[in-house]
file structure-v7.txt (compact mmCIF, C-alpha atoms and all ligand atoms)
# COMPACT_ATOMS: atom_id res chain seq x y z
CA MET A 1 118.56 84.01 77.50
CA SER A 2 114.89 83.57 77.38
CA LYS A 3 112.46 86.32 78.02
CA LYS A 4 112.55 87.53 81.55
CA ARG A 5 110.21 90.38 81.63
CA PHE A 6 109.05 89.70 85.10
CA GLY A 7 110.44 91.41 88.12
CA ARG A 8 109.95 94.67 89.83
CA GLY A 9 107.14 96.76 88.59
CA SER A 10 105.42 93.91 86.89
CA ARG A 11 103.00 93.45 89.67
CA LYS A 12 100.21 95.82 90.18
CA CYS A 13 96.70 95.63 91.33
CA LYS A 14 94.44 94.18 88.70
CA VAL A 15 91.54 96.09 90.09
CA CYS A 16 92.73 99.59 90.78
CA GLY A 17 96.20 99.48 89.25
CA THR A 18 98.18 100.55 92.25
CA HIS A 19 101.63 99.24 92.97
CA ARG A 20 101.36 99.54 96.68
CA ALA A 21 100.94 96.53 98.91
CA VAL A 22 100.04 94.27 96.08
CA ILE A 23 99.36 90.74 97.11
CA ARG A 24 100.31 88.06 94.68
CA ARG A 25 98.99 85.36 96.84
CA TYR A 26 96.46 83.05 95.30
CA ASN A 27 97.54 84.42 91.91
CA LEU A 28 95.30 87.37 92.43
CA TYR A 29 97.72 90.25 92.12
CA ILE A 30 95.56 92.77 93.81
CA CYS A 31 96.32 95.25 96.51
CA ARG A 32 95.29 94.75 100.06
CA ARG A 33 92.46 97.14 99.75
CA CYS A 34 90.90 95.47 96.77
CA PHE A 35 91.74 92.11 98.20
CA ARG A 36 89.57 92.81 101.13
CA GLU A 37 86.65 93.65 98.94
CA LYS A 38 87.25 90.81 96.60
CA ALA A 39 87.86 88.41 99.41
CA GLU A 40 84.32 88.70 100.52
CA LYS A 41 83.02 88.02 97.07
CA ILE A 42 85.12 85.00 96.40
CA GLY A 43 84.64 83.60 99.83
CA PHE A 44 87.82 84.46 101.63
CA LYS A 45 86.79 85.09 105.12
CA LYS A 46 90.00 84.40 106.89
CA TYR A 47 92.41 87.05 105.77
CA GLU A 48 94.57 88.35 108.54
ZN ZN B 1 93.62 97.62 94.23

call {"tool": "encode", "arguments": {"input": "structure-v7.txt", "output": "structure tokens", "more": "lines below"}}
Ligand SMILES: [Zn+2]
result
Amino acid sequence: MSKKRFGRGSRKCKVCGTHRAVIRRYNLYICRRCFREKAEKIGFKKYE
């Protein structure tokens, strides 16, 4: 078996570190809250 360290708990917000509602879309791995802030900075205007 190779290393499979991924799974539950491996994803958390890169910005605030929360585990709640973390979006791993776009390879961002940030929670919805931070996503909203970051979205504006990186040019995402069409979330939800
Ligand atoms: Zn966050």

call {"tool": "residues_around", "arguments": {"input": "structure-v7.txt", "residues": "region 12-19 of chain A", "least_positions_apart": "4", "cutoff": "9 Å", "atoms": "only C-alpha atoms", "output": "VMD selection string"}}
result
chain A and resid 23 to 24 28 to 32 34

call {"tool": "axis_aligned_box", "arguments": {"input": "structure-v7.txt", "around": "region 25-39 of chain A", "padding_each_side": "6 Å", "output": "AutoDock Vina command-line options"}}
result
--center_x 92.8 --center_y 90.1 --center_z 96.5 --size_x 24.3 --size_y 26.1 --size_z 21.2

call {"tool": "closest_residue", "arguments": {"input": "structure-v7.txt", "among": "A:Lys38, A:Arg11, A:Gly43, A:Arg33", "to": "ligand ZN 1 (chain B)", "atoms": "all atoms listed in the file"}}
result
A:Arg33
